[in-house]
Amino acid sequence: MRRVNKNERVRIALTLNGRKLAAEAEPRTLLSDFLRHSLGATGTHVGCEHGICGSCTVLIDGVAARSCLTLAVQAEGREVKTVESLAAPDGALNALQTAFRENHALQCGFCTPGILMSFTDLLARNPHPSEAAIRDVLSGHLCRCTGYAGIVKAVKQVAKS
């Protein structure tokens with residue numbers, strides 16, 4: 001294994017929201033910073049930088065992951081999806097985003113991108129989750145606006161369709 005100088009930049013190539021992209025970064029760069037600053041995916045929010053709040057959640061190869069706990073180099077060759085991947089190219093919201101709007105499941109919206117990505121993962125694995133499963137996923141996120149009831153209602157709405 002080759003040692004890399006901490007200030008050396010490495011090329012990182014990945015598929016972001018269906019597009020093959022590459023940029024250079026220091027090996028210690030977090031995926032959240034790489035997405036925001038190098039690739040322009042600013043929908044990924046950074047809150048606690050400790051993996052607790054969940055606002056930086058993205059999908060890596062279809063699985064929800066905290067991008068503030070993942071190094072950008074770990075995403076080399078992988079498929080990463082951010083909240084920008086959810087709406088249609090014409091801007092039409094997907095079913096989950098629509099349900100969030102209809103059920104007042106967001107207020108300030110800072111935590112919303114990560115929550116949407118976590119529930120995108122859940123609904124892909126389990127299209128009809130129980131309320132307990134919904135609340136379990138939600139327990140991994142912090143929302144200071146206390147929108148939890150609306151969030152549960154929104155996910156249940158999508159799970160019924």
# chains A, B, ... in the order shown; residues from 1 in each chain; ligands from 1

call {"tool": "residues_around", "arguments": {"residues": "Leu106 in chain A", "least_positions_apart": "6", "cutoff": "8 Å", "atoms": "only C-alpha atoms", "output": "ChimeraX atom specification"}}
result
/A:100,112,145,147,150-151

call {"tool": "write_last_selection", "arguments": {"atoms": "all heavy atoms", "output": "PDB file, in the first residue's frame"}}
result
ATOM      1  N   PHE A 100     -44.095  15.186   2.234  1.00  0.00           N
ATOM      2  CA  PHE A 100     -43.518  16.087   3.233  1.00  0.00           C
ATOM      3  C   PHE A 100     -44.185  17.455   3.143  1.00  0.00           C
ATOM      4  O   PHE A 100     -44.548  18.044   4.161  1.00  0.00           O
ATOM      5  CB  PHE A 100     -42.000  16.222   3.037  1.00  0.00           C
ATOM      6  CG  PHE A 100     -41.192  15.283   3.886  1.00  0.00           C
ATOM      7  CD1 PHE A 100     -41.360  13.913   3.814  1.00  0.00           C
ATOM      8  CD2 PHE A 100     -40.249  15.772   4.758  1.00  0.00           C
ATOM      9  CE1 PHE A 100     -40.610  13.055   4.601  1.00  0.00           C
ATOM     10  CE2 PHE A 100     -39.495  14.923   5.553  1.00  0.00           C
ATOM     11  CZ  PHE A 100     -39.674  13.565   5.478  1.00  0.00           C
ATOM     12  N   THR A 112     -34.071  18.297   6.543  1.00  0.00           N
ATOM     13  CA  THR A 112     -34.917  17.596   5.583  1.00  0.00           C
ATOM     14  C   THR A 112     -34.155  16.778   4.537  1.00  0.00           C
ATOM     15  O   THR A 112     -34.540  15.637   4.281  1.00  0.00           O
ATOM     16  CB  THR A 112     -35.880  18.597   4.906  1.00  0.00           C
ATOM     17  OG1 THR A 112     -36.613  19.288   5.922  1.00  0.00           O
ATOM     18  CG2 THR A 112     -36.847  17.885   3.964  1.00  0.00           C
ATOM     19  N   CYS A 145     -36.972  21.809  14.804  1.00  0.00           N
ATOM     20  CA  CYS A 145     -38.298  22.410  14.608  1.00  0.00           C
ATOM     21  C   CYS A 145     -39.410  21.489  15.093  1.00  0.00           C
ATOM     22  O   CYS A 145     -40.581  21.818  14.943  1.00  0.00           O
ATOM     23  CB  CYS A 145     -38.524  22.734  13.133  1.00  0.00           C
ATOM     24  SG  CYS A 145     -37.349  23.917  12.442  1.00  0.00           S
ATOM     25  N   GLY A 147     -40.623  18.646  13.897  1.00  0.00           N
ATOM     26  CA  GLY A 147     -41.545  18.233  12.842  1.00  0.00           C
ATOM     27  C   GLY A 147     -41.767  16.741  12.792  1.00  0.00           C
ATOM     28  O   GLY A 147     -42.241  16.215  11.798  1.00  0.00           O
ATOM     29  N   GLY A 150     -45.317  15.260  11.729  1.00  0.00           N
ATOM     30  CA  GLY A 150     -45.580  15.450  10.304  1.00  0.00           C
ATOM     31  C   GLY A 150     -44.730  14.540   9.432  1.00  0.00           C
ATOM     32  O   GLY A 150     -45.180  14.047   8.400  1.00  0.00           O
ATOM     33  N   ILE A 151     -43.514  14.287   9.869  1.00  0.00           N
ATOM     34  CA  ILE A 151     -42.619  13.404   9.122  1.00  0.00           C
ATOM     35  C   ILE A 151     -43.168  11.981   9.131  1.00  0.00           C
ATOM     36  O   ILE A 151     -43.255  11.326   8.080  1.00  0.00           O
ATOM     37  CB  ILE A 151     -41.190  13.456   9.688  1.00  0.00           C
ATOM     38  CG1 ILE A 151     -40.572  14.836   9.443  1.00  0.00           C
ATOM     39  CG2 ILE A 151     -40.330  12.356   9.083  1.00  0.00           C
ATOM     40  CD1 ILE A 151     -39.272  15.091  10.212  1.00  0.00           C
TER      41      ILE A 151
END

call {"tool": "residues_around", "arguments": {"residues": "Ala149 in chain A", "least_positions_apart": "6", "cutoff": "12 Å", "atoms": "only C-alpha atoms", "output": "list of chain:residue names"}}
result
A:Phe100, A:Asn103, A:His104, A:Ala105, A:Leu106, A:Glu131, A:Ile134, A:Arg135, A:Leu138, A:Cys143, A:Val155, A:Lys156

call {"tool": "write_last_selection", "arguments": {"atoms": "all heavy atoms", "output": "mmCIF file, in the first residue's frame"}}
result
data_model
loop_
_atom_site.group_PDB
_atom_site.id
_atom_site.type_symbol
_atom_site.label_atom_id
_atom_site.label_comp_id
_atom_site.auth_asym_id
_atom_site.auth_seq_id
_atom_site.Cartn_x
_atom_site.Cartn_y
_atom_site.Cartn_z
ATOM 1 N N PHE A 100 -44.095 15.186 2.234
ATOM 2 C CA PHE A 100 -43.518 16.087 3.233
ATOM 3 C C PHE A 100 -44.185 17.455 3.143
ATOM 4 O O PHE A 100 -44.548 18.044 4.161
ATOM 5 C CB PHE A 100 -42.000 16.222 3.037
ATOM 6 C CG PHE A 100 -41.192 15.283 3.886
ATOM 7 C CD1 PHE A 100 -41.360 13.913 3.814
ATOM 8 C CD2 PHE A 100 -40.249 15.772 4.758
ATOM 9 C CE1 PHE A 100 -40.610 13.055 4.601
ATOM 10 C CE2 PHE A 100 -39.495 14.923 5.553
ATOM 11 C CZ PHE A 100 -39.674 13.565 5.478
ATOM 12 N N ASN A 103 -47.906 17.290 4.371
ATOM 13 C CA ASN A 103 -48.081 16.994 5.794
ATOM 14 C C ASN A 103 -47.295 17.923 6.707
ATOM 15 O O ASN A 103 -47.132 17.630 7.888
ATOM 16 C CB ASN A 103 -47.703 15.532 6.065
ATOM 17 C CG ASN A 103 -48.702 14.593 5.447
ATOM 18 O OD1 ASN A 103 -49.795 14.424 5.970
ATOM 19 N ND2 ASN A 103 -48.359 14.005 4.317
ATOM 20 N N HIS A 104 -46.802 19.002 6.156
ATOM 21 C CA HIS A 104 -46.046 19.996 6.932
ATOM 22 C C HIS A 104 -44.924 19.322 7.713
ATOM 23 O O HIS A 104 -44.720 19.577 8.900
ATOM 24 C CB HIS A 104 -46.975 20.788 7.855
ATOM 25 C CG HIS A 104 -48.164 21.338 7.147
ATOM 26 N ND1 HIS A 104 -48.080 22.406 6.284
ATOM 27 C CD2 HIS A 104 -49.459 20.926 7.124
ATOM 28 C CE1 HIS A 104 -49.274 22.647 5.766
ATOM 29 N NE2 HIS A 104 -50.122 21.771 6.258
ATOM 30 N N ALA A 105 -44.173 18.461 7.009
ATOM 31 C CA ALA A 105 -43.112 17.681 7.642
ATOM 32 C C ALA A 105 -41.777 18.407 7.642
ATOM 33 O O ALA A 105 -40.753 17.801 7.909
ATOM 34 C CB ALA A 105 -42.980 16.331 6.936
ATOM 35 N N LEU A 106 -41.794 19.678 7.339
ATOM 36 C CA LEU A 106 -40.562 20.451 7.419
ATOM 37 C C LEU A 106 -40.905 21.882 7.781
ATOM 38 O O LEU A 106 -41.984 22.361 7.494
ATOM 39 C CB LEU A 106 -39.780 20.420 6.100
ATOM 40 C CG LEU A 106 -40.493 20.998 4.884
ATOM 41 C CD1 LEU A 106 -39.635 22.070 4.242
ATOM 42 C CD2 LEU A 106 -40.771 19.892 3.894
ATOM 43 N N GLU A 131 -45.138 1.772 11.622
ATOM 44 C CA GLU A 131 -44.834 3.048 12.269
ATOM 45 C C GLU A 131 -43.588 2.915 13.137
ATOM 46 O O GLU A 131 -42.781 3.840 13.214
ATOM 47 C CB GLU A 131 -46.020 3.543 13.103
ATOM 48 C CG GLU A 131 -45.733 4.909 13.718
ATOM 49 C CD GLU A 131 -46.935 5.584 14.340
ATOM 50 O OE1 GLU A 131 -48.063 5.383 13.859
ATOM 51 O OE2 GLU A 131 -46.720 6.335 15.307
ATOM 52 N N ILE A 134 -40.616 3.271 10.919
ATOM 53 C CA ILE A 134 -40.479 4.680 10.526
ATOM 54 C C ILE A 134 -39.836 5.470 11.665
ATOM 55 O O ILE A 134 -38.883 6.225 11.464
ATOM 56 C CB ILE A 134 -41.850 5.278 10.144
ATOM 57 C CG1 ILE A 134 -42.369 4.621 8.859
ATOM 58 C CG2 ILE A 134 -41.765 6.797 9.996
ATOM 59 C CD1 ILE A 134 -43.825 4.923 8.552
ATOM 60 N N ARG A 135 -40.340 5.267 12.864
ATOM 61 C CA ARG A 135 -39.803 5.988 14.018
ATOM 62 C C ARG A 135 -38.366 5.573 14.328
ATOM 63 O O ARG A 135 -37.570 6.379 14.785
ATOM 64 C CB ARG A 135 -40.706 5.806 15.231
ATOM 65 C CG ARG A 135 -42.020 6.548 15.073
ATOM 66 C CD ARG A 135 -42.873 6.491 16.337
ATOM 67 N NE ARG A 135 -44.117 7.222 16.153
ATOM 68 C CZ ARG A 135 -44.239 8.541 16.269
ATOM 69 N NH1 ARG A 135 -43.191 9.281 16.566
ATOM 70 N NH2 ARG A 135 -45.406 9.117 16.077
ATOM 71 N N LEU A 138 -36.287 7.511 11.949
ATOM 72 C CA LEU A 138 -36.344 8.918 12.356
ATOM 73 C C LEU A 138 -35.520 9.177 13.613
ATOM 74 O O LEU A 138 -34.984 10.275 13.789
ATOM 75 C CB LEU A 138 -37.793 9.337 12.570
ATOM 76 C CG LEU A 138 -38.067 10.809 12.794
ATOM 77 C CD1 LEU A 138 -37.470 11.662 11.676
ATOM 78 C CD2 LEU A 138 -39.566 11.042 12.899
ATOM 79 N N CYS A 143 -34.225 17.055 14.580
ATOM 80 C CA CYS A 143 -34.970 18.155 13.965
ATOM 81 C C CYS A 143 -35.286 19.142 15.070
ATOM 82 O O CYS A 143 -36.035 18.828 15.991
ATOM 83 C CB CYS A 143 -36.253 17.625 13.318
ATOM 84 S SG CYS A 143 -37.341 18.931 12.717
ATOM 85 N N VAL A 155 -44.402 9.855 5.738
ATOM 86 C CA VAL A 155 -43.852 8.559 5.328
ATOM 87 C C VAL A 155 -44.967 7.523 5.287
ATOM 88 O O VAL A 155 -45.040 6.704 4.359
ATOM 89 C CB VAL A 155 -42.688 8.122 6.233
ATOM 90 C CG1 VAL A 155 -42.191 6.733 5.828
ATOM 91 C CG2 VAL A 155 -41.553 9.130 6.166
ATOM 92 N N LYS A 156 -45.878 7.563 6.251
ATOM 93 C CA LYS A 156 -47.017 6.631 6.248
ATOM 94 C C LYS A 156 -47.878 6.851 5.003
ATOM 95 O O LYS A 156 -48.375 5.887 4.412
ATOM 96 C CB LYS A 156 -47.836 6.802 7.524
ATOM 97 C CG LYS A 156 -47.156 6.253 8.761
ATOM 98 C CD LYS A 156 -47.885 6.649 10.027
ATOM 99 C CE LYS A 156 -48.887 5.609 10.436
ATOM 100 N NZ LYS A 156 -49.488 5.936 11.753
#

call {"tool": "residues_around", "arguments": {"residues": "Thr44 in chain A", "least_positions_apart": "3", "cutoff": "9 Å", "atoms": "only C-alpha atoms", "output": "ChimeraX atom specification"}}
result
/A:32,35-36,41,55-58,67,82-84,113-114

call {"tool": "select_by_dssp", "arguments": {"residues": "range 46-150 of chain A", "states": "alpha helix (DSSP H)", "output": "CSV table (one decimal) with all heavy atoms, in the first residue's frame"}}
result
chain,number,residue,atom,x,y,z
A,95,ALA,N,-42.8,11.4,-4.8
A,95,ALA,CA,-43.9,11.1,-3.8
A,95,ALA,C,-43.6,11.5,-2.4
A,95,ALA,O,-44.4,12.1,-1.7
A,95,ALA,CB,-44.4,9.7,-3.9
A,96,LEU,N,-42.4,11.2,-2.0
A,96,LEU,CA,-41.9,11.4,-0.6
A,96,LEU,C,-41.8,12.9,-0.4
A,96,LEU,O,-42.3,13.5,0.7
A,96,LEU,CB,-40.6,10.7,-0.3
A,96,LEU,CG,-40.1,10.8,1.1
A,96,LEU,CD1,-41.1,10.2,2.1
A,96,LEU,CD2,-38.8,10.1,1.3
A,97,GLN,N,-41.2,13.7,-1.3
A,97,GLN,CA,-41.1,15.1,-1.1
A,97,GLN,C,-42.5,15.8,-1.1
A,97,GLN,O,-42.8,16.7,-0.3
A,97,GLN,CB,-40.3,15.7,-2.3
A,97,GLN,CG,-38.9,15.3,-2.3
A,97,GLN,CD,-38.1,15.7,-3.5
A,97,GLN,OE1,-38.6,15.4,-4.6
A,97,GLN,NE2,-37.1,16.5,-3.4
A,98,THR,N,-43.4,15.3,-2.0
A,98,THR,CA,-44.8,15.8,-2.0
A,98,THR,C,-45.5,15.5,-0.7
A,98,THR,O,-46.2,16.4,-0.1
A,98,THR,CB,-45.5,15.2,-3.2
A,98,THR,OG1,-44.9,15.5,-4.4
A,98,THR,CG2,-47.0,15.7,-3.2
A,99,ALA,N,-45.3,14.4,-0.1
A,99,ALA,CA,-45.9,14.0,1.1
A,99,ALA,C,-45.4,14.9,2.3
A,99,ALA,O,-46.1,15.3,3.2
A,99,ALA,CB,-45.7,12.5,1.5
A,100,PHE,N,-44.1,15.2,2.2
A,100,PHE,CA,-43.5,16.1,3.2
A,100,PHE,C,-44.2,17.5,3.1
A,100,PHE,O,-44.5,18.0,4.2
A,100,PHE,CB,-42.0,16.2,3.0
A,100,PHE,CG,-41.2,15.3,3.9
A,100,PHE,CD1,-41.4,13.9,3.8
A,100,PHE,CD2,-40.2,15.8,4.8
A,100,PHE,CE1,-40.6,13.1,4.6
A,100,PHE,CE2,-39.5,14.9,5.6
A,100,PHE,CZ,-39.7,13.6,5.5
A,101,ARG,N,-44.4,18.0,1.9
A,101,ARG,CA,-45.0,19.3,1.8
A,101,ARG,C,-46.5,19.2,2.2
A,101,ARG,O,-46.9,20.1,3.0
A,101,ARG,CB,-44.9,19.7,0.3
A,101,ARG,CG,-45.5,21.1,0.1
A,101,ARG,CD,-45.5,21.5,-1.4
A,101,ARG,NE,-46.4,20.6,-2.1
A,101,ARG,CZ,-46.3,20.3,-3.3
A,101,ARG,NH1,-45.3,20.7,-4.0
A,101,ARG,NH2,-47.2,19.5,-3.9
A,102,GLU,N,-47.2,18.2,1.8
A,102,GLU,CA,-48.6,18.1,2.2
A,102,GLU,C,-48.8,17.9,3.7
A,102,GLU,O,-49.9,18.3,4.2
A,102,GLU,CB,-49.2,16.9,1.4
A,102,GLU,CG,-49.4,17.2,-0.1
A,102,GLU,CD,-49.8,16.0,-0.9
A,102,GLU,OE1,-50.0,14.9,-0.3
A,102,GLU,OE2,-50.0,16.1,-2.1
A,112,THR,N,-34.1,18.3,6.5
A,112,THR,CA,-34.9,17.6,5.6
A,112,THR,C,-34.2,16.8,4.5
A,112,THR,O,-34.5,15.6,4.3
A,112,THR,CB,-35.9,18.6,4.9
A,112,THR,OG1,-36.6,19.3,5.9
A,112,THR,CG2,-36.8,17.9,4.0
A,113,PRO,N,-33.1,17.3,3.9
A,113,PRO,CA,-32.4,16.5,2.9
A,113,PRO,C,-31.9,15.1,3.4
A,113,PRO,O,-32.1,14.1,2.8
A,113,PRO,CB,-31.2,17.3,2.5
A,113,PRO,CG,-31.7,18.7,2.7
A,113,PRO,CD,-32.5,18.6,4.0
A,114,GLY,N,-31.3,15.1,4.6
A,114,GLY,CA,-30.9,13.9,5.2
A,114,GLY,C,-32.0,12.9,5.6
A,114,GLY,O,-31.9,11.7,5.4
A,115,ILE,N,-33.1,13.5,6.1
A,115,ILE,CA,-34.3,12.7,6.5
A,115,ILE,C,-34.9,12.1,5.2
A,115,ILE,O,-35.2,10.9,5.2
A,115,ILE,CB,-35.3,13.5,7.3
A,115,ILE,CG1,-34.7,13.9,8.6
A,115,ILE,CG2,-36.6,12.8,7.4
A,115,ILE,CD1,-35.6,14.8,9.4
A,116,LEU,N,-35.0,12.9,4.1
A,116,LEU,CA,-35.5,12.3,2.9
A,116,LEU,C,-34.7,11.2,2.4
A,116,LEU,O,-35.2,10.2,1.9
A,116,LEU,CB,-35.6,13.5,1.8
A,116,LEU,CG,-36.7,14.5,2.0
A,116,LEU,CD1,-36.5,15.7,1.1
A,116,LEU,CD2,-38.1,13.8,1.8
A,117,MET,N,-33.4,11.3,2.5
A,117,MET,CA,-32.5,10.2,2.0
A,117,MET,C,-32.6,9.0,2.8
A,117,MET,O,-32.6,7.9,2.3
A,117,MET,CB,-31.1,10.7,1.9
A,117,MET,CG,-30.9,11.9,0.9
A,117,MET,SD,-31.7,11.7,-0.7
A,117,MET,CE,-30.7,10.4,-1.4
A,118,SER,N,-32.7,9.1,4.1
A,118,SER,CA,-32.9,8.0,5.0
A,118,SER,C,-34.2,7.2,4.7
A,118,SER,O,-34.3,6.0,4.6
A,118,SER,CB,-32.9,8.4,6.5
A,118,SER,OG,-31.6,8.7,6.8
A,119,PHE,N,-35.3,8.0,4.4
A,119,PHE,CA,-36.6,7.4,4.1
A,119,PHE,C,-36.6,6.8,2.7
A,119,PHE,O,-37.3,5.9,2.4
A,119,PHE,CB,-37.7,8.3,4.5
A,119,PHE,CG,-38.0,8.3,5.9
A,119,PHE,CD1,-37.9,9.5,6.6
A,119,PHE,CD2,-38.3,7.2,6.6
A,119,PHE,CE1,-38.1,9.5,8.0
A,119,PHE,CE2,-38.5,7.2,8.0
A,119,PHE,CZ,-38.4,8.4,8.7
A,120,THR,N,-35.8,7.4,1.8
A,120,THR,CA,-35.7,6.9,0.5
A,120,THR,C,-35.1,5.5,0.6
A,120,THR,O,-35.6,4.5,-0.1
A,120,THR,CB,-34.9,7.8,-0.4
A,120,THR,OG1,-35.6,9.0,-0.6
A,120,THR,CG2,-34.6,7.2,-1.8
A,121,ASP,N,-34.1,5.3,1.4
A,121,ASP,CA,-33.5,4.0,1.6
A,121,ASP,C,-34.5,3.1,2.3
A,121,ASP,O,-34.7,1.9,1.8
A,121,ASP,CB,-32.2,4.2,2.5
A,121,ASP,CG,-31.6,2.9,2.9
A,121,ASP,OD1,-31.7,1.9,2.2
A,121,ASP,OD2,-31.0,2.8,4.0
A,122,LEU,N,-35.2,3.5,3.3
A,122,LEU,CA,-36.1,2.6,4.0
A,122,LEU,C,-37.2,2.1,3.0
A,122,LEU,O,-37.5,0.9,3.0
A,122,LEU,CB,-36.8,3.3,5.2
A,122,LEU,CG,-37.9,2.5,5.9
A,122,LEU,CD1,-37.4,1.3,6.6
A,122,LEU,CD2,-38.7,3.4,6.8
A,123,LEU,N,-37.8,3.1,2.3
A,123,LEU,CA,-38.9,2.7,1.4
A,123,LEU,C,-38.5,1.8,0.2
A,123,LEU,O,-39.3,1.0,-0.3
A,123,LEU,CB,-39.6,4.0,0.9
A,123,LEU,CG,-40.4,4.7,2.0
A,123,LEU,CD1,-40.8,6.1,1.5
A,123,LEU,CD2,-41.6,3.9,2.5
A,124,ALA,N,-37.2,1.9,-0.2
A,124,ALA,CA,-36.7,1.1,-1.2
A,124,ALA,C,-36.5,-0.4,-0.7
A,124,ALA,O,-36.8,-1.3,-1.4
A,124,ALA,CB,-35.3,1.6,-1.7
A,125,ARG,N,-36.2,-0.5,0.6
A,125,ARG,CA,-36.0,-1.8,1.2
A,125,ARG,C,-37.3,-2.4,1.7
A,125,ARG,O,-37.6,-3.6,1.7
A,125,ARG,CB,-35.0,-1.8,2.4
A,125,ARG,CG,-33.6,-1.6,2.0
A,125,ARG,CD,-32.6,-1.6,3.2
A,125,ARG,NE,-32.8,-0.3,4.0
A,125,ARG,CZ,-33.3,-0.3,5.2
A,125,ARG,NH1,-33.7,-1.4,5.8
A,125,ARG,NH2,-33.4,0.8,5.8
A,131,GLU,N,-45.1,1.8,11.6
A,131,GLU,CA,-44.8,3.0,12.3
A,131,GLU,C,-43.6,2.9,13.1
A,131,GLU,O,-42.8,3.8,13.2
A,131,GLU,CB,-46.0,3.5,13.1
A,131,GLU,CG,-45.7,4.9,13.7
A,131,GLU,CD,-46.9,5.6,14.3
A,131,GLU,OE1,-48.1,5.4,13.9
A,131,GLU,OE2,-46.7,6.3,15.3
A,132,ALA,N,-43.4,1.8,13.8
A,132,ALA,CA,-42.2,1.5,14.6
A,132,ALA,C,-40.9,1.6,13.7
A,132,ALA,O,-39.9,2.2,14.1
A,132,ALA,CB,-42.3,0.2,15.3
A,133,ALA,N,-41.0,1.0,12.5
A,133,ALA,CA,-39.8,1.1,11.6
A,133,ALA,C,-39.6,2.5,11.2
A,133,ALA,O,-38.4,3.0,11.1
A,133,ALA,CB,-40.0,0.2,10.4
A,134,ILE,N,-40.6,3.3,10.9
A,134,ILE,CA,-40.5,4.7,10.5
A,134,ILE,C,-39.8,5.5,11.7
A,134,ILE,O,-38.9,6.2,11.5
A,134,ILE,CB,-41.9,5.3,10.1
A,134,ILE,CG1,-42.4,4.6,8.9
A,134,ILE,CG2,-41.8,6.8,10.0
A,134,ILE,CD1,-43.8,4.9,8.6
A,135,ARG,N,-40.3,5.3,12.9
A,135,ARG,CA,-39.8,6.0,14.0
A,135,ARG,C,-38.4,5.6,14.3
A,135,ARG,O,-37.6,6.4,14.8
A,135,ARG,CB,-40.7,5.8,15.2
A,135,ARG,CG,-42.0,6.5,15.1
A,135,ARG,CD,-42.9,6.5,16.3
A,135,ARG,NE,-44.1,7.2,16.2
A,135,ARG,CZ,-44.2,8.5,16.3
A,135,ARG,NH1,-43.2,9.3,16.6
A,135,ARG,NH2,-45.4,9.1,16.1
A,136,ASP,N,-38.0,4.3,14.1
A,136,ASP,CA,-36.7,3.9,14.3
A,136,ASP,C,-35.7,4.6,13.4
A,136,ASP,O,-34.7,5.1,13.8
A,136,ASP,CB,-36.6,2.4,14.0
A,136,ASP,CG,-35.2,1.8,14.3
A,136,ASP,OD1,-34.7,2.0,15.5
A,136,ASP,OD2,-34.6,1.2,13.5
A,137,VAL,N,-36.1,4.7,12.1
A,137,VAL,CA,-35.2,5.5,11.1
A,137,VAL,C,-35.2,7.0,11.6
A,137,VAL,O,-34.1,7.6,11.6
A,137,VAL,CB,-35.7,5.4,9.7
A,137,VAL,CG1,-35.0,6.4,8.8
A,137,VAL,CG2,-35.5,4.0,9.2
A,138,LEU,N,-36.3,7.5,11.9
A,138,LEU,CA,-36.3,8.9,12.4
A,138,LEU,C,-35.5,9.2,13.6
A,138,LEU,O,-35.0,10.3,13.8
A,138,LEU,CB,-37.8,9.3,12.6
A,138,LEU,CG,-38.1,10.8,12.8
A,138,LEU,CD1,-37.5,11.7,11.7
A,138,LEU,CD2,-39.6,11.0,12.9
A,148,TYR,N,-41.4,16.0,13.9
A,148,TYR,CA,-41.5,14.6,13.8
A,148,TYR,C,-42.9,14.0,13.5
A,148,TYR,O,-43.0,13.0,12.7
A,148,TYR,CB,-41.0,14.0,15.2
A,148,TYR,CG,-39.6,14.3,15.5
A,148,TYR,CD1,-39.2,15.0,16.6
A,148,TYR,CD2,-38.5,14.0,14.6
A,148,TYR,CE1,-37.9,15.3,16.9
A,148,TYR,CE2,-37.2,14.2,14.9
A,148,TYR,CZ,-36.9,14.9,16.0
A,148,TYR,OH,-35.6,15.2,16.3
A,149,ALA,N,-43.9,14.5,14.1
A,149,ALA,CA,-45.3,14.0,13.8
A,149,ALA,C,-45.6,14.1,12.3
A,149,ALA,O,-46.1,13.2,11.7
A,149,ALA,CB,-46.3,14.7,14.7
A,150,GLY,N,-45.3,15.3,11.7
A,150,GLY,CA,-45.6,15.4,10.3
A,150,GLY,C,-44.7,14.5,9.4
A,150,GLY,O,-45.2,14.0,8.4

call {"tool": "atom_distance", "arguments": {"atom1": "CA of Gly51 in chain A", "atom2": "CA of Thr70 in chain A"}}
result
9.5 Å

call {"tool": "residues_around", "arguments": {"residues": "range 9-11 of chain A", "least_positions_apart": "4", "cutoff": "9 Å", "atoms": "only C-alpha atoms", "output": "MDAnalysis selection string"}}
result
chainID A and resid 4:5 22:27 73 76

call {"tool": "write_last_selection", "arguments": {"atoms": "all heavy atoms", "output": "compact mmCIF listing (two decimals), in the first residue's frame"}}
result
# COMPACT_ATOMS: atom_id res chain seq x y z
N VAL A 4 0.40 8.07 1.32
CA VAL A 4 0.02 9.32 0.68
C VAL A 4 0.31 10.47 1.64
O VAL A 4 -0.08 10.41 2.80
CB VAL A 4 -1.49 9.31 0.31
CG1 VAL A 4 -1.90 10.63 -0.30
CG2 VAL A 4 -1.79 8.17 -0.63
N ASN A 5 0.96 11.48 1.16
CA ASN A 5 1.21 12.69 1.94
C ASN A 5 -0.13 13.33 2.25
O ASN A 5 -0.99 13.43 1.39
CB ASN A 5 2.10 13.63 1.11
CG ASN A 5 2.40 14.92 1.83
OD1 ASN A 5 1.54 15.52 2.46
ND2 ASN A 5 3.64 15.36 1.71
N ALA A 22 -15.67 13.52 -11.49
CA ALA A 22 -14.38 13.34 -10.81
C ALA A 22 -13.85 14.70 -10.41
O ALA A 22 -14.12 15.71 -11.07
CB ALA A 22 -13.39 12.62 -11.71
N ALA A 23 -13.12 14.71 -9.32
CA ALA A 23 -12.46 15.93 -8.84
C ALA A 23 -11.31 15.49 -7.94
O ALA A 23 -11.23 14.33 -7.54
CB ALA A 23 -13.43 16.82 -8.09
N GLU A 24 -10.45 16.43 -7.64
CA GLU A 24 -9.33 16.14 -6.75
C GLU A 24 -9.63 16.65 -5.35
O GLU A 24 -10.34 17.65 -5.18
CB GLU A 24 -8.05 16.80 -7.27
CG GLU A 24 -7.52 16.14 -8.52
CD GLU A 24 -6.14 16.66 -8.90
OE1 GLU A 24 -5.65 17.62 -8.28
OE2 GLU A 24 -5.56 16.07 -9.82
N ALA A 25 -9.08 15.93 -4.38
CA ALA A 25 -9.25 16.32 -2.98
C ALA A 25 -8.11 15.73 -2.16
O ALA A 25 -7.46 14.77 -2.59
CB ALA A 25 -10.59 15.82 -2.44
N GLU A 26 -7.89 16.29 -1.00
CA GLU A 26 -6.93 15.70 -0.08
C GLU A 26 -7.52 14.39 0.44
O GLU A 26 -8.75 14.27 0.58
CB GLU A 26 -6.66 16.65 1.09
CG GLU A 26 -5.94 17.92 0.67
CD GLU A 26 -5.70 18.86 1.83
OE1 GLU A 26 -6.05 18.52 2.98
OE2 GLU A 26 -5.17 19.96 1.59
N PRO A 27 -6.69 13.41 0.73
CA PRO A 27 -7.20 12.11 1.21
C PRO A 27 -8.05 12.21 2.47
O PRO A 27 -8.91 11.38 2.70
CB PRO A 27 -5.93 11.31 1.49
CG PRO A 27 -4.89 11.93 0.63
CD PRO A 27 -5.24 13.40 0.55
N VAL A 73 -12.52 9.59 -0.44
CA VAL A 73 -11.82 8.51 -1.15
C VAL A 73 -12.56 7.18 -1.02
O VAL A 73 -12.41 6.30 -1.86
CB VAL A 73 -10.35 8.37 -0.70
CG1 VAL A 73 -9.54 9.60 -1.08
CG2 VAL A 73 -10.25 8.07 0.79
N GLU A 76 -14.85 6.41 -4.02
CA GLU A 76 -14.24 6.15 -5.33
C GLU A 76 -14.94 4.99 -6.02
O GLU A 76 -15.09 3.90 -5.45
CB GLU A 76 -12.75 5.84 -5.16
CG GLU A 76 -12.06 5.31 -6.39
CD GLU A 76 -11.91 6.33 -7.50
OE1 GLU A 76 -11.77 7.54 -7.20
OE2 GLU A 76 -11.93 5.92 -8.67

call {"tool": "select_by_dssp", "arguments": {"residues": "chain A", "states": "strand (DSSP E)", "output": "ChimeraX atom specification"}}
result
/A:10-16,19-25,57-60,63-66,79-81

call {"tool": "residues_around", "arguments": {"residues": "Leu31 in chain A", "least_positions_apart": "6", "cutoff": "9 Å", "atoms": "only C-alpha atoms", "output": "list in words"}}
result
Arg66, Ser67, Cys68, Leu69, Thr70, Leu71, Ala72, Val73, Gln74 and Ala75 of chain A

call {"tool": "closest_residue", "arguments": {"among": "A:Pro89, A:Thr15, A:Lys160, A:Val152", "to": "Asn126 in chain A", "atoms": "only C-alpha atoms"}}
result
A:Lys160

call {"tool": "atom_distance", "arguments": {"atom1": "CA of Arg28 in chain A", "atom2": "CA of Cys111 in chain A"}}
result
24.8 Å

call {"tool": "closest_residue", "arguments": {"among": "A:His50, A:Arg144, A:Lys153, A:Arg78", "to": "Leu16 in chain A", "atoms": "only C-alpha atoms"}}
result
A:Arg78
